[in-house]
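Q: Below is structure_28.csv; it holds CSV, C-alpha atoms.
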```csv
chain,number,residue,atom,x,y,z
J,1,MET,CA,0.0,0.0,0.0
J,2,ALA,CA,1.1,3.5,-0.6
J,3,ALA,CA,2.7,5.4,2.2
J,4,ARG,CA,0.3,7.7,4.0
J,5,PRO,CA,1.1,11.4,4.2
J,6,PRO,CA,0.5,12.1,8.0
J,7,SER,CA,0.6,15.9,7.6
J,8,ASP,CA,-2.7,16.3,5.7
J,9,PRO,CA,-5.6,15.6,8.1
J,10,SER,CA,-8.2,15.2,5.4
J,11,SER,CA,-6.0,12.6,3.6
J,12,VAL,CA,-5.4,10.7,6.9
J,13,GLY,CA,-9.1,10.6,7.4
J,14,ARG,CA,-9.6,9.2,3.9
J,15,ASP,CA,-6.9,6.6,4.4
J,16,ILE,CA,-8.7,5.4,7.6
J,17,LEU,CA,-12.0,5.2,5.7
J,18,PHE,CA,-10.2,3.3,2.8
J,19,ASP,CA,-8.6,0.8,5.2
J,20,TYR,CA,-11.7,0.3,7.1
J,21,LEU,CA,-13.7,-0.4,3.9
J,22,LEU,CA,-11.0,-2.9,2.9
J,23,ARG,CA,-11.4,-4.7,6.2
J,24,LEU,CA,-15.2,-4.9,5.7
J,25,GLY,CA,-14.9,-5.8,2.0
J,26,ASP,CA,-12.1,-8.3,2.3
J,27,ASP,CA,-13.8,-10.2,5.1
J,28,ALA,CA,-16.9,-10.7,3.0
J,29,LEU,CA,-14.9,-11.4,-0.2
J,30,ILE,CA,-12.6,-14.0,1.2
J,31,LEU,CA,-15.4,-15.9,3.2
J,32,GLY,CA,-17.6,-15.7,0.1
J,33,GLN,CA,-14.8,-17.3,-2.0
J,34,ARG,CA,-14.2,-20.0,0.6
J,35,LEU,CA,-17.9,-20.9,0.7
J,36,GLY,CA,-17.9,-21.0,-3.1
J,37,GLU,CA,-15.3,-23.8,-2.9
J,38,TRP,CA,-18.1,-26.1,-1.6
J,39,THR,CA,-20.1,-25.7,-4.8
J,40,GLY,CA,-20.6,-29.2,-6.2
J,41,HIS,CA,-19.0,-30.8,-3.2
J,42,ALA,CA,-21.5,-30.2,-0.3
J,43,PRO,CA,-23.1,-33.1,1.5
J,44,SER,CA,-26.3,-32.7,-0.4
J,45,VAL,CA,-27.7,-30.5,-3.2
J,46,GLU,CA,-29.7,-28.5,-0.7
J,47,VAL,CA,-26.7,-27.8,1.4
J,48,ASP,CA,-24.8,-26.9,-1.8
J,49,LEU,CA,-27.4,-24.2,-2.5
J,50,SER,CA,-27.4,-22.9,1.1
J,51,LEU,CA,-23.7,-22.4,1.0
J,52,ALA,CA,-23.7,-20.8,-2.4
J,53,ASN,CA,-26.5,-18.5,-1.3
J,54,ILE,CA,-24.5,-17.3,1.7
J,55,ALA,CA,-21.4,-17.0,-0.6
J,56,LEU,CA,-23.3,-14.8,-3.0
J,57,ASP,CA,-24.7,-12.6,-0.2
J,58,LEU,CA,-21.1,-12.1,1.0
J,59,ILE,CA,-19.7,-11.3,-2.4
J,60,GLY,CA,-22.5,-8.8,-2.9
J,61,GLN,CA,-21.5,-7.1,0.3
J,62,ALA,CA,-17.9,-7.2,-0.8
J,63,THR,CA,-18.8,-5.6,-4.1
J,64,TRP,CA,-20.4,-2.6,-2.3
J,65,PHE,CA,-17.6,-2.2,0.2
J,66,LEU,CA,-14.8,-2.5,-2.2
J,67,ASN,CA,-16.4,-0.3,-4.8
J,68,ARG,CA,-16.8,2.3,-2.1
J,69,ALA,CA,-13.1,1.8,-1.1
J,70,GLY,CA,-12.0,2.4,-4.7
J,71,GLU,CA,-14.2,5.6,-4.8
J,72,VAL,CA,-12.7,6.9,-1.5
J,73,GLU,CA,-9.2,6.1,-2.7
J,74,SER,CA,-9.7,8.0,-6.0
J,75,LYS,CA,-7.0,6.1,-7.9
J,76,SER,CA,-9.3,4.6,-10.5
J,77,ARG,CA,-9.5,1.2,-8.8
J,78,ASP,CA,-13.0,-0.2,-8.6
J,79,GLY,CA,-14.1,-3.2,-6.5
J,80,ASP,CA,-13.0,-5.8,-9.2
J,81,ARG,CA,-9.6,-4.2,-9.4
J,82,LEU,CA,-9.2,-4.3,-5.7
J,83,ALA,CA,-10.4,-7.9,-5.5
J,84,PHE,CA,-8.4,-9.3,-8.3
J,85,HIS,CA,-5.3,-7.2,-8.5
J,86,ARG,CA,-4.0,-6.9,-5.0
J,87,ASP,CA,-1.5,-9.3,-3.5
J,88,VAL,CA,-1.7,-11.2,-0.2
J,89,LEU,CA,0.0,-8.5,1.8
J,90,ASP,CA,-2.5,-5.9,0.8
J,91,PHE,CA,-5.5,-7.9,2.0
J,92,ARG,CA,-7.1,-6.7,5.3
J,93,ASN,CA,-9.4,-9.6,6.1
J,94,CYS,CA,-9.4,-11.3,9.5
J,95,LEU,CA,-7.6,-14.6,9.7
J,96,LEU,CA,-10.8,-16.5,10.6
J,97,VAL,CA,-12.4,-16.1,7.1
J,98,GLU,CA,-9.4,-17.4,5.2
J,99,GLN,CA,-9.3,-20.7,7.3
J,100,PRO,CA,-9.7,-23.7,5.1
J,101,ASN,CA,-13.2,-25.3,4.8
J,102,GLY,CA,-12.1,-28.6,6.3
J,103,ASP,CA,-15.1,-30.8,6.7
J,104,PHE,CA,-18.7,-29.5,6.8
J,105,ALA,CA,-18.5,-29.1,10.6
J,106,GLN,CA,-15.3,-27.0,10.4
J,107,THR,CA,-17.0,-24.8,7.8
J,108,MET,CA,-20.1,-24.4,10.0
J,109,ALA,CA,-17.9,-23.6,13.0
J,110,ARG,CA,-16.2,-20.8,11.0
J,111,GLN,CA,-19.6,-19.6,9.7
J,112,PHE,CA,-21.2,-19.5,13.1
J,113,LEU,CA,-18.4,-17.6,14.8
J,114,TYR,CA,-18.0,-15.1,11.9
J,115,SER,CA,-21.7,-14.5,11.2
J,116,THR,CA,-22.4,-14.0,14.9
J,117,TRP,CA,-19.7,-11.4,15.0
J,118,GLN,CA,-20.6,-9.8,11.7
J,119,LEU,CA,-24.3,-9.6,12.7
J,120,LEU,CA,-23.4,-7.6,15.8
J,121,LEU,CA,-20.9,-5.5,13.9
J,122,LEU,CA,-23.4,-4.6,11.1
J,123,ARG,CA,-26.1,-3.7,13.6
J,124,HIS,CA,-23.7,-1.1,15.0
J,125,LEU,CA,-22.6,0.0,11.5
J,126,THR,CA,-26.1,0.9,10.4
J,127,GLY,CA,-25.4,4.2,12.1
J,128,SER,CA,-22.1,4.8,10.4
J,129,SER,CA,-21.1,8.3,9.4
J,130,ASP,CA,-20.2,7.0,6.0
J,131,PRO,CA,-23.5,6.8,4.1
J,132,ILE,CA,-22.5,3.8,2.0
J,133,ILE,CA,-21.3,1.8,5.0
J,134,GLY,CA,-24.6,2.6,6.8
J,135,ALA,CA,-26.8,1.7,3.9
J,136,VAL,CA,-25.0,-1.6,3.1
J,137,ALA,CA,-25.0,-2.5,6.8
J,138,GLY,CA,-28.8,-1.9,6.9
J,139,LYS,CA,-29.3,-4.2,3.9
J,140,ALA,CA,-26.7,-6.9,4.9
J,141,VAL,CA,-27.9,-7.2,8.5
J,142,LYS,CA,-30.9,-9.2,7.3
J,143,GLU,CA,-28.8,-11.5,5.2
J,144,VAL,CA,-26.3,-12.1,8.0
J,145,ALA,CA,-29.1,-12.7,10.5
J,146,TYR,CA,-30.1,-15.7,8.3
J,147,HIS,CA,-26.5,-16.9,7.9
J,148,GLN,CA,-26.1,-16.8,11.7
J,149,GLU,CA,-29.3,-18.7,12.3
J,150,LEU,CA,-28.5,-21.4,9.8
J,151,ALA,CA,-25.0,-21.9,11.1
J,152,ALA,CA,-26.3,-22.0,14.6
J,153,LEU,CA,-28.8,-24.7,13.7
J,154,TRP,CA,-26.0,-26.8,12.2
J,155,VAL,CA,-23.7,-26.3,15.2
J,156,VAL,CA,-26.5,-27.7,17.4
J,157,ARG,CA,-27.3,-30.6,15.1
J,158,LEU,CA,-23.7,-31.7,14.6
J,159,GLY,CA,-22.7,-31.0,18.2
J,160,ASP,CA,-25.7,-32.8,19.6
J,161,GLY,CA,-25.8,-35.4,16.9
J,162,THR,CA,-23.9,-38.7,16.4
J,163,ASP,CA,-20.5,-39.4,18.1
J,164,GLU,CA,-18.8,-38.7,14.8
J,165,SER,CA,-20.6,-35.4,14.1
J,166,ARG,CA,-19.9,-34.3,17.6
J,167,ARG,CA,-16.2,-35.1,17.4
J,168,ARG,CA,-16.0,-33.2,14.1
J,169,MET,CA,-17.9,-30.2,15.5
J,170,ILE,CA,-15.6,-30.0,18.5
J,171,GLU,CA,-12.5,-30.2,16.2
J,172,GLY,CA,-13.9,-27.5,13.9
J,173,LEU,CA,-14.6,-25.1,16.8
J,174,ASP,CA,-11.1,-25.9,18.3
J,175,TRP,CA,-9.6,-25.0,14.9
J,176,MET,CA,-11.4,-21.7,14.6
J,177,TRP,CA,-11.4,-20.5,18.2
J,178,ARG,CA,-7.9,-19.0,18.3
J,179,PHE,CA,-9.0,-16.6,15.5
J,180,VAL,CA,-11.8,-15.1,17.6
J,181,PRO,CA,-9.6,-12.6,19.6
J,182,GLU,CA,-8.6,-10.9,16.3
J,183,LEU,CA,-12.3,-10.1,15.7
J,184,PHE,CA,-12.3,-7.9,18.8
J,185,GLU,CA,-8.9,-6.3,18.3
J,186,MET,CA,-9.0,-2.5,18.4
J,187,ASP,CA,-5.8,-1.3,16.7
J,188,GLU,CA,-5.2,2.3,15.7
J,189,ILE,CA,-7.2,2.2,12.5
J,190,ALA,CA,-10.2,0.6,14.2
J,191,ALA,CA,-10.0,3.0,17.1
J,192,GLU,CA,-9.7,6.0,14.7
J,193,ALA,CA,-12.6,4.7,12.6
J,194,ALA,CA,-14.7,4.3,15.7
J,195,ARG,CA,-13.8,7.8,16.9
J,196,LYS,CA,-14.9,9.3,13.6
J,197,GLY,CA,-18.1,7.4,13.6
J,198,ILE,CA,-17.2,5.5,10.5
J,199,GLY,CA,-16.8,2.3,12.4
J,200,THR,CA,-17.6,1.1,15.9
J,201,ASP,CA,-15.8,-0.1,19.0
J,202,VAL,CA,-16.1,-3.9,18.6
J,203,THR,CA,-15.3,-4.5,22.3
J,204,ASP,CA,-18.7,-2.9,23.0
J,205,PHE,CA,-20.4,-6.1,21.8
J,206,ARG,CA,-18.0,-8.7,23.1
J,207,ALA,CA,-20.4,-9.6,25.9
J,208,ASP,CA,-23.2,-10.0,23.4
J,209,PHE,CA,-21.0,-12.2,21.2
J,210,ASP,CA,-20.1,-14.4,24.2
J,211,ARG,CA,-23.7,-14.7,25.2
J,212,MET,CA,-24.9,-15.7,21.7
J,213,VAL,CA,-22.1,-18.2,21.3
J,214,ASP,CA,-22.6,-19.7,24.8
J,215,GLU,CA,-26.4,-20.1,24.2
J,216,VAL,CA,-25.8,-22.1,21.0
J,217,LEU,CA,-23.0,-24.2,22.5
J,218,ALA,CA,-25.2,-25.0,25.5
J,219,GLU,CA,-28.0,-26.1,23.2
J,220,ALA,CA,-25.5,-28.2,21.2
J,221,ASN,CA,-24.3,-29.8,24.5
J,222,LEU,CA,-20.8,-28.5,23.7
J,223,ALA,CA,-18.3,-26.9,26.1
J,224,ARG,CA,-16.7,-23.6,25.0
J,225,PRO,CA,-13.3,-24.4,23.5
J,226,ALA,CA,-10.3,-23.7,25.8
J,227,ASP,CA,-8.7,-20.4,25.0
J,228,GLN,CA,-5.6,-20.7,22.9
J,229,ARG,CA,-2.8,-18.3,22.1
J,230,PRO,CA,-4.6,-15.8,19.9
J,231,ILE,CA,-3.3,-15.3,16.3
J,232,LEU,CA,-3.5,-11.8,15.0
J,233,GLY,CA,-2.2,-9.9,12.0
J,234,GLY,CA,-4.8,-10.2,9.2
J,235,ARG,CA,-5.8,-6.6,9.5
J,236,ARG,CA,-2.2,-5.6,8.8
J,237,GLY,CA,-1.7,-8.0,5.9
J,238,HIS,CA,0.0,-10.8,7.9
J,239,HIS,CA,-1.8,-13.8,6.6
J,240,GLY,CA,-1.5,-17.5,6.9
J,241,GLU,CA,-0.4,-19.8,4.1
J,242,HIS,CA,-4.0,-20.4,3.2
J,243,LEU,CA,-4.8,-17.0,1.8
J,244,GLY,CA,-2.2,-17.2,-1.0
J,245,HIS,CA,-3.7,-20.4,-2.4
J,246,LEU,CA,-7.2,-18.9,-2.2
J,247,LEU,CA,-6.2,-15.8,-4.1
J,248,ALA,CA,-4.4,-17.9,-6.7
J,249,ALA,CA,-7.6,-19.6,-7.5
J,250,MET,CA,-9.7,-16.5,-7.3
J,251,GLN,CA,-7.4,-14.1,-9.2
J,252,PHE,CA,-6.1,-16.5,-11.9
J,253,LEU,CA,-8.6,-15.6,-14.6
J,254,PRO,CA,-8.6,-11.8,-14.4
J,255,ARG,CA,-4.9,-11.7,-14.1
J,256,THR,CA,-4.2,-14.1,-17.0
J,257,TYR,CA,-6.8,-12.4,-19.2
J,258,PRO,CA,-6.9,-8.8,-17.9
J,259,ASP,CA,-9.4,-7.5,-20.4
J,260,ALA,CA,-11.7,-10.5,-20.2
J,261,VAL,CA,-15.4,-9.5,-19.9
J,262,TRP,CA,-18.6,-11.6,-19.6
G,263,MET,CA,-27.6,-37.3,2.0
G,264,ASN,CA,-29.5,-40.5,1.2
G,265,ASP,CA,-30.6,-41.0,4.8
G,266,TRP,CA,-32.2,-37.7,5.2
G,267,PRO,CA,-36.0,-37.8,4.9
G,268,LEU,CA,-37.9,-36.0,2.1
G,269,TRP,CA,-40.1,-33.0,2.8
G,270,GLU,CA,-42.7,-31.5,0.5
G,271,VAL,CA,-42.5,-27.7,0.1
G,272,PHE,CA,-45.4,-25.3,-0.1
G,273,VAL,CA,-45.0,-21.6,-0.9
G,274,ARG,CA,-47.4,-18.8,-0.5
G,275,ALA,CA,-46.6,-16.4,-3.3
G,276,ARG,CA,-48.2,-13.4,-1.6
G,277,GLY,CA,-50.8,-12.6,1.0
G,278,GLY,CA,-54.3,-13.8,0.2
G,279,LEU,CA,-53.2,-16.7,-2.0
G,280,SER,CA,-53.0,-20.3,-0.9
G,281,HIS,CA,-49.8,-22.2,-0.3
G,282,ARG,CA,-48.9,-24.1,-3.5
G,283,HIS,CA,-46.8,-27.2,-3.8
G,284,VAL,CA,-43.5,-26.4,-5.5
G,285,GLY,CA,-41.2,-29.4,-4.9
G,286,SER,CA,-39.3,-31.2,-2.2
G,287,VAL,CA,-36.1,-31.1,-0.3
G,288,HIS,CA,-34.1,-33.6,1.8
G,289,ALA,CA,-33.3,-32.5,5.3
G,290,PRO,CA,-32.7,-34.1,8.7
G,291,ASP,CA,-35.6,-32.3,10.4
G,292,GLY,CA,-38.3,-29.7,9.9
G,293,GLU,CA,-36.3,-26.7,10.9
G,294,ILE,CA,-33.5,-27.5,8.5
G,295,ALA,CA,-36.0,-28.5,5.8
G,296,LEU,CA,-37.5,-25.0,6.1
G,297,ARG,CA,-34.1,-23.4,5.5
G,298,HIS,CA,-33.4,-25.7,2.6
G,299,ALA,CA,-36.8,-24.8,1.2
G,300,ARG,CA,-36.0,-21.1,1.6
G,301,ASP,CA,-32.7,-21.5,-0.1
G,302,THR,CA,-34.0,-23.7,-2.9
G,303,TYR,CA,-37.4,-22.3,-3.7
G,304,THR,CA,-37.6,-18.6,-2.6
G,305,ARG,CA,-34.3,-17.2,-3.8
G,306,ARG,CA,-36.0,-15.0,-6.3
G,307,MET,CA,-38.7,-13.5,-4.1
G,308,GLU,CA,-41.2,-16.3,-5.0
G,309,GLY,CA,-42.8,-16.4,-1.6
G,310,VAL,CA,-43.9,-14.7,1.7
G,311,SER,CA,-44.6,-17.9,3.6
G,312,LEU,CA,-43.3,-21.5,3.6
G,313,TRP,CA,-44.6,-24.8,4.8
G,314,VAL,CA,-42.7,-28.1,4.8
G,315,VAL,CA,-44.4,-31.4,5.4
G,316,PRO,CA,-42.8,-34.8,5.8
G,317,SER,CA,-43.4,-36.6,2.5
G,318,ALA,CA,-44.1,-39.7,4.5
G,319,SER,CA,-47.1,-38.0,6.1
G,320,ILE,CA,-48.9,-37.6,2.8
G,321,THR,CA,-51.5,-40.3,2.0
G,322,ALA,CA,-51.7,-40.3,-1.8
G,323,SER,CA,-54.2,-41.9,-4.2
G,324,ASP,CA,-53.0,-44.9,-6.1
G,325,PRO,CA,-52.7,-44.4,-9.8
G,326,ALA,CA,-54.0,-48.0,-10.2
G,327,ASP,CA,-57.3,-46.8,-8.7
G,328,ASP,CA,-57.7,-43.9,-11.1
G,329,GLU,CA,-60.8,-45.3,-12.8
G,330,ALA,CA,-62.7,-45.8,-9.6
G,331,MET,CA,-61.5,-42.6,-8.0
G,332,PHE,CA,-61.9,-40.1,-10.9
G,333,ASP,CA,-63.9,-41.5,-13.8
G,334,PRO,CA,-67.3,-41.4,-12.1
G,335,ALA,CA,-67.1,-37.6,-12.0
G,336,ALA,CA,-66.7,-37.4,-15.7
G,337,ASP,CA,-70.4,-37.5,-16.7
G,338,LYS,CA,-71.9,-35.5,-13.8
G,339,ILE,CA,-72.2,-32.2,-15.6
G,340,TYR,CA,-74.9,-31.1,-13.2
G,341,ARG,CA,-72.1,-30.7,-10.6
G,342,HIS,CA,-70.7,-27.7,-12.5
G,343,PRO,CA,-72.3,-24.4,-11.8
G,344,THR,CA,-73.0,-23.7,-15.5
G,345,PHE,CA,-76.8,-23.6,-15.4
G,346,TYR,CA,-77.0,-20.2,-13.9
G,347,SER,CA,-77.0,-16.9,-15.9
G,348,ILE,CA,-74.6,-14.5,-14.4
G,349,PRO,CA,-75.9,-10.9,-14.1
G,350,GLU,CA,-73.8,-8.5,-16.2
G,351,GLU,CA,-72.9,-6.4,-13.1
G,352,VAL,CA,-71.0,-9.4,-11.6
G,353,LYS,CA,-67.4,-9.3,-12.7
G,354,HIS,CA,-64.5,-11.7,-12.3
G,355,ILE,CA,-66.3,-15.0,-12.1
```
For the file at hand, write its structure as structure tokens.

A:
Amino acid sequence: MAARPPSDPSSVGRDILFDYLLRLGDDALILGQRLGEWTGHAPSVEVDLSLANIALDLIGQATWFLNRAGEVESKSRDGDRLAFHRDVLDFRNCLLVEQPNGDFAQTMARQFLYSTWQLLLLRHLTGSSDPIIGAVAGKAVKEVAYHQELAALWVVRLGDGTDESRRRMIEGLDWMWRFVPELFEMDEIAAEAARKGIGTDVTDFRADFDRMVDEVLAEANLARPADQRPILGGRRGHHGEHLGHLLAAMQFLPRTYPDAVW
Amino acid sequence: MNDWPLWEVFVRARGGLSHRHVGSVHAPDGEIALRHARDTYTRRMEGVSLWVVPSASITASDPADDEAMFDPAADKIYRHPTFYSIPEEVKHI
């Protein structure tokens, strides 16, 4: 990313908004792409459609956020340009969304944790001082309420299902749990975005998140996973090995045929 | 999933209309069947209300009994309300 000129306050504000939009957009884009990997491979054709529907909702959100990011940046990059022509280090998604699908239980563990957090975030962002963020949040909050509900139903059914489904659900939650603290990280950009009213202080809804997660885990007859050493860094471009592979699949076509159109 | 039961899906297209049968989904239980029905049959604003019914709960007529079940109605024209003249003021009948 370009160096930021700290002397010009309006430009600093714009950079904060740009970075914040990338975080929102990249979360949705990367999780949408991950879910898309299930297409044709899900346990049943109905689940295939459910996962693809969620993926498309998320990619729709990403399109809005990244187009807005391009507009704010004013360097003639639109959402597609940002999605397909940035490298790993320039992505600002949280590490949770780039985690591999694993089995269906692992995918549902990731979806449940992310959608629960995203639902609470979007509820707060409906009042964003940025009109696009506020409007997109208002629309997306209904989509995400459904994602959260569906994922919670599956966590309960797998967790409180057969011995095998229970084991897989526990393993899936264990895998994803160490990426939850990053969701509630308030670094400088997040704090500044909250101060300006663009974003929100995510620690404000940590208790709500814990309550919602605990309710579903209790219904699933599952214990909350033990806290592990948190892994942070996605918001600053420090990603795991998985994101590079995802981007290679996602970006291959537009990079190989830069002028390709539908 | 071959071991998931089948559910029949009924969609109400808009308020005031009846639920109509649109197809079926596999699901482990009614709650998930409702979501599968939503994701499969109402993606393009086809409905405002959904029912799912276990297919096994439906008692269906046997095609082998068609003659006994349905043919006797064929020559009972007096059962059709076609022997009344409709006043011109009455519309939409």

Q: Skipping near chain neighbours, those fewer than 6 positions away, what residues fall within 9 Å of G:Val315 using only C-alpha atoms, listed as a PyMOL selection string?

A: chain G and resi 268-272+292+295

Q: I'd like to know which of J:Gln33, J:Thr39, J:Gln118, J:Asn53 is closest to G:Asp301, using only C-alpha atoms.

A: J:Asn53

Q: Would you kindly report the residues of chain G within 9 Å of chain J, using only C-alpha atoms, as a list in words?

A: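 Here is what falls inside 9 Å: Met263, Asn264, Val287, His288, Ala289, Glu293, Ile294, Arg297, His298, Ala299, Arg300, Asp301, Thr302 and Arg305 of chain G.
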
Q: Can you pull out the residues contacting J:Pro225? Cut-off 7 Å, using all atoms listed in the file, and skip same-chain residues under 5 positions away; I want them as a list of chain:residue names.

A: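 Skipping anything fewer than 5 positions along the chain leaves J:Leu173, J:Asp174, J:Trp177.
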
Q: What's around J:Arg166 at 10 Å? Count all atoms listed in the file, leave out sequence neighbours fewer than 3 positions away in its own chain, and write the answer as a list in words.

A: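 Neighbouring residues, sequence-local ones excluded: Ala105, Val155, Val156, Arg157, Leu158, Gly159, Asp160, Gly161, Thr162, Asp163, Met169, Ile170, Glu171, Gly172, Ala220, Asn221 and Leu222 of chain J.
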
Q: Could you turn the residues from that selection into a file that holds C-alpha atoms, as a compact mmCIF listing (two decimals), in the coordinates of the input?

A:
```
# COMPACT_ATOMS: atom_id res chain seq x y z
CA ALA J 105 -18.50 -29.10 10.60
CA VAL J 155 -23.70 -26.30 15.20
CA VAL J 156 -26.50 -27.70 17.40
CA ARG J 157 -27.30 -30.60 15.10
CA LEU J 158 -23.70 -31.70 14.60
CA GLY J 159 -22.70 -31.00 18.20
CA ASP J 160 -25.70 -32.80 19.60
CA GLY J 161 -25.80 -35.40 16.90
CA THR J 162 -23.90 -38.70 16.40
CA ASP J 163 -20.50 -39.40 18.10
CA MET J 169 -17.90 -30.20 15.50
CA ILE J 170 -15.60 -30.00 18.50
CA GLU J 171 -12.50 -30.20 16.20
CA GLY J 172 -13.90 -27.50 13.90
CA ALA J 220 -25.50 -28.20 21.20
CA ASN J 221 -24.30 -29.80 24.50
CA LEU J 222 -20.80 -28.50 23.70
```

Q: Can you tell me, as a list of chain:residue names, what residues are no more than 12 Å from J:Asp80 when counting only C-alpha atoms, ignoring any on the same chain fewer than 3 positions away?

A: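 Skipping anything fewer than 3 positions along the chain leaves J:Gly25, J:Asp26, J:Leu29, J:Ile59, J:Gly60, J:Ala62, J:Thr63, J:Trp64, J:Phe65, J:Leu66, J:Asn67, J:Arg68, J:Ala69, J:Gly70, J:Ser76, J:Arg77, J:Ala83, J:Phe84, J:His85, J:Arg86, J:Met250, J:Gln251, J:Pro254, J:Arg255, J:Pro258, J:Asp259, J:Val261.
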
Q: Using all atoms listed in the file, find all polymer residues with an atom at most 9 Å away from the point (-16.8, -3.7, 18.2); report them as a list of chain:residue names.

A: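 Counting all atoms listed in the file, I find these residues within 9 Å of (-16.8, -3.7, 18.2): J:Trp117, J:Leu120, J:Leu121, J:His124, J:Leu183, J:Phe184, J:Glu185, J:Met186, J:Ala190, J:Ala194, J:Gly199, J:Thr200, J:Asp201, J:Val202, J:Thr203, J:Asp204, J:Phe205, J:Arg206.
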
Q: Quick one, how far is atom CA of J:Asp90 from atom CA of J:Gly237?

A: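 Distance reported for this atom pair: 5.6 Å.
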
Q: So what do you get for atom CA of G:Met307 versus atom CA of J:Leu125, distance-wise?

A: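 These two atoms are separated by 26.2 Å.
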
Q: Please work out which residues fall within 9 Å of (-1.7, -14.8, 13.5), coordinates as given in the file, with all atoms listed in the file counting, and return them as a PyMOL selection string.

A: chain J and resi 95+178-179+182+230-234+238-240

Q: Generate the coordinates of N, CA and C atoms for stretch 301-315 of chain G; report them as a PDB file, in the frame of the given file.

A:
```pdb
ATOM      1  N   ASP G 301     -33.818 -21.679   0.757  1.00  0.00           N
ATOM      2  CA  ASP G 301     -32.700 -21.500  -0.100  1.00  0.00           C
ATOM      3  C   ASP G 301     -32.880 -22.066  -1.497  1.00  0.00           C
ATOM      4  N   THR G 302     -33.766 -23.053  -1.606  1.00  0.00           N
ATOM      5  CA  THR G 302     -34.000 -23.700  -2.900  1.00  0.00           C
ATOM      6  C   THR G 302     -35.101 -23.059  -3.694  1.00  0.00           C
ATOM      7  N   TYR G 303     -36.180 -22.667  -3.009  1.00  0.00           N
ATOM      8  CA  TYR G 303     -37.400 -22.300  -3.700  1.00  0.00           C
ATOM      9  C   TYR G 303     -37.802 -20.814  -3.596  1.00  0.00           C
ATOM     10  N   THR G 304     -37.153 -20.037  -2.725  1.00  0.00           N
ATOM     11  CA  THR G 304     -37.600 -18.600  -2.600  1.00  0.00           C
ATOM     12  C   THR G 304     -36.439 -17.659  -2.802  1.00  0.00           C
ATOM     13  N   ARG G 305     -35.457 -18.070  -3.614  1.00  0.00           N
ATOM     14  CA  ARG G 305     -34.300 -17.200  -3.800  1.00  0.00           C
ATOM     15  C   ARG G 305     -34.626 -15.987  -4.650  1.00  0.00           C
ATOM     16  N   ARG G 306     -35.693 -16.072  -5.442  1.00  0.00           N
ATOM     17  CA  ARG G 306     -36.000 -15.000  -6.300  1.00  0.00           C
ATOM     18  C   ARG G 306     -37.347 -14.335  -5.971  1.00  0.00           C
ATOM     19  N   MET G 307     -37.550 -14.185  -4.672  1.00  0.00           N
ATOM     20  CA  MET G 307     -38.700 -13.500  -4.100  1.00  0.00           C
ATOM     21  C   MET G 307     -40.026 -14.252  -4.538  1.00  0.00           C
ATOM     22  N   GLU G 308     -39.981 -15.581  -4.578  1.00  0.00           N
ATOM     23  CA  GLU G 308     -41.200 -16.300  -5.000  1.00  0.00           C
ATOM     24  C   GLU G 308     -42.196 -16.432  -3.850  1.00  0.00           C
ATOM     25  N   GLY G 309     -41.820 -16.086  -2.634  1.00  0.00           N
ATOM     26  CA  GLY G 309     -42.800 -16.400  -1.600  1.00  0.00           C
ATOM     27  C   GLY G 309     -42.712 -15.445  -0.376  1.00  0.00           C
ATOM     28  N   VAL G 310     -43.809 -15.479   0.416  1.00  0.00           N
ATOM     29  CA  VAL G 310     -43.900 -14.700   1.700  1.00  0.00           C
ATOM     30  C   VAL G 310     -44.122 -15.684   2.846  1.00  0.00           C
ATOM     31  N   SER G 311     -44.361 -16.953   2.549  1.00  0.00           N
ATOM     32  CA  SER G 311     -44.600 -17.900   3.600  1.00  0.00           C
ATOM     33  C   SER G 311     -44.271 -19.316   3.090  1.00  0.00           C
ATOM     34  N   LEU G 312     -43.745 -20.151   3.970  1.00  0.00           N
ATOM     35  CA  LEU G 312     -43.300 -21.500   3.600  1.00  0.00           C
ATOM     36  C   LEU G 312     -43.895 -22.534   4.521  1.00  0.00           C
ATOM     37  N   TRP G 313     -44.294 -23.661   3.956  1.00  0.00           N
ATOM     38  CA  TRP G 313     -44.600 -24.800   4.800  1.00  0.00           C
ATOM     39  C   TRP G 313     -43.720 -25.976   4.277  1.00  0.00           C
ATOM     40  N   VAL G 314     -43.289 -26.805   5.201  1.00  0.00           N
ATOM     41  CA  VAL G 314     -42.700 -28.100   4.800  1.00  0.00           C
ATOM     42  C   VAL G 314     -43.426 -29.190   5.544  1.00  0.00           C
ATOM     43  N   VAL G 315     -43.668 -30.262   4.848  1.00  0.00           N
ATOM     44  CA  VAL G 315     -44.400 -31.400   5.400  1.00  0.00           C
ATOM     45  C   VAL G 315     -43.645 -32.667   5.076  1.00  0.00           C
TER      46      VAL G 315
END
```
